[in-house]
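*Asks:* Just passing along the structure, written as structure tokens.
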Amino acid sequence: MENRGNFATKLGIIAAVAGSAVGLGNIWRFPYLLGQNGGAAFFLVYLLCVVLMGIPVMMAEMSLGRMGGRNASGAFKALGRPKWSLLGKMGVLCAFLILGFYYVVAGWTLEYTFQAIKFDFIGQTPGDLADSFAAFSTHNIRPIVTAVAFMIITCLVVSFGVKKGIENSSRMLMPILFIFIIVLAIRSVTLPGAMEGLKFLFKPDFGKITADVVLSAMGQAFFSLSIGMGCLLTYGSYVKKDVNLENTTFQVVTIDSLVAVLAAIAIFPAVFSMGLDPGQGPQLVFVTLPHVFNQMPGGSIFAIIFFLLLVVTTLTSTISLLEVVTAYFGEEFNMKRGKAAVVASLINVPLVVLASLSLGQLGHIQLFHCNIFDFLDKITSQIFMPLGGLLICIFVGWILPGKDLHESLSNKGKIKLRIWSVFYFLVRYVSPVVILLIFLGQFLR
Ligand code: TRP
């Protein structure tokens with residue numbers, strides 16, 4: 001086989017996988033879904049989903065990738081189960097659909113970086129900020145330009161290849177981002193009336209847990225951890241044999257959850273302090289954070305750096321999504337990496353344009369009561385990814401011989417596994433059943 005390239009260091013692997021996981025899912029999607037789904041109750045269900053499904057599926061998916069040593073579809077052929085490669089192809093399709101709306105929001109982060117650089121937020125009231133977001137996001141051209149710009153940057157990085165492109169760009173960033181969100185969170189909880197926001201976040205009202213809330217919390221867990229569609233399978237194929245995937249999984253899940261919680265602490269106290277509606281949807285973060293910056297000494301400089309960091313974390317996520325398609329085209333159709341990345345990006349353009357326009361001009365086009373943007377978001381996180389996760393559990397738990405899986409995870413006994421029996425039990429019995437129940441729950445309403 002051709003030289004596929006590997007992640008060079010252990011830190012590099014965690015940085016790359018965490019880079020994929022941490023992104024708009026934590027800072028944009030988690031807070032707005034939490035706001036729409038009743039706050040703390042959603043949060044609690046989300047954490048349960050992370051433990052019962054997130055951890056086992058993530059570990060299963062990465063070990064599957066490392067054992068297969070190929071792209072999401074080719075891995076199953078390499079493991080002697082060619083029919084299952086359909087699951088990998090479903091993942092490739094899913095990557096296109098996610099990128100369809102993800103690039104749009106990624107473009108918004110670029111626009112907000114420019115606005116921060118021009119000191120545009122200064123003097124704007126929360127009402128002004130909401131109006132300016134609405135004017136931008138529903139525009140026919142501007143958000144498409146920023147989305148395509150983001151696409152081009154992603155495509156360039158992916159063309160350079162796994163080691164140079166992905167690992168290096170992920171590595172430095174996480175600690176800095178962490179510090180910035182903590183500072184934001186501190187400013188937010190010290191605003192007048194912040195207590196209400198913390199109550200909303202941490203005091204669950206169990207009456208608010210409905211089938212819908214559970215389904216969207218599960219979707220968010222899959223989305224935020226980048227699992228269930230072959231992304232971590234592809235990354236797993238670049239991980240060397242001696243890496244302890246138990247540790248990688250724990251570290252990534254911890255980092256991902258912490259960033260999401262901190263983002264929520266940075267947002268909700270401010271939302272309540274400003275008297276805004278926590279359930280206002282996708283615009284929540286873009287309206288709230290500039291207001292928090294306005295309340296900080298040196299806030300305008302802070303805003304510039306924060307949005308730049310957001311651009312880069314978003315980039316490490318779009319890279320991981322484009323990598324799924326690039327590895328597939330490259331290995332299954334024998335394309336050079338650069339060409340595969342360009343072809344994959346070009347195919348994606350019409351979807352990105354439609355998703356962006358569906359927030360304005362094309363808002364009247366409804367698929368299952370959603371505009372195109374929401375439709376892409378919902379079918380991927382609530383159908384494709386849970387289904388993918390379920391099938392990954394079945395494959396890893398029931399089709400792959402347990403002995404082989406253990407041998408690979410423990411590198412033939414050289415790595416001491418701490419949670420093997422719990423993991424194997426969850427993958428075989430718990431995760432698939434819970435996914436199935438939540439999944440079917442939506443049809444029983
Ligand atoms: N997890 C990323 C985020 O939270 C988005 C992402 C990257 C993703 N790769 C993925 C989502 C694969 C689903 C599947 O922003």
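Residue numbering restarts at 1 in every chain; chains get A, B, ... in the order shown in the structure tokens, and ligands count up from 1 in that same order.
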Could you list the protein, DNA and RNA residues that have any atom within 7 Å of ligand 1, counting only C-alpha atoms and all ligand atoms, and write them as a ChimeraX atom specification?
*Replies:* /A:20-26,95,98,222-229,231,314,317-318,320-321
*Asks:* If you count only C-alpha atoms, which residues fall within 9 Å of Thr109 of chain A, apart from same-chain ones fewer than 6 positions away, as a PyMOL selection string?
*Replies:* chain A and resi 146+286+307-308+310-311+314
*Asks:* Could you please determine the separation between atom CA of Thr154 of chain A and atom CA of Gly54 of chain A in Å, to one decimal place?
*Replies:*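 Distance between the two atoms: 26.2 Å.
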*Asks:* Find the residue from A:Gly91, A:Gly161, A:Gly207, A:Pro290 that sits nearest to Phe133 of chain A; use only C-alpha atoms when measuring.
*Replies:*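 Closest to Phe133 of chain A of all the choices is A:Pro290.
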*Asks:* Would you please work out which residue, of A:Ile55, A:Ala147, A:Gly275, A:Leu390, is nearest to Pro350 of chain A when using only C-alpha atoms?
*Replies:*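 Among the listed residues, A:Ala147 lies closest to Pro350 of chain A.
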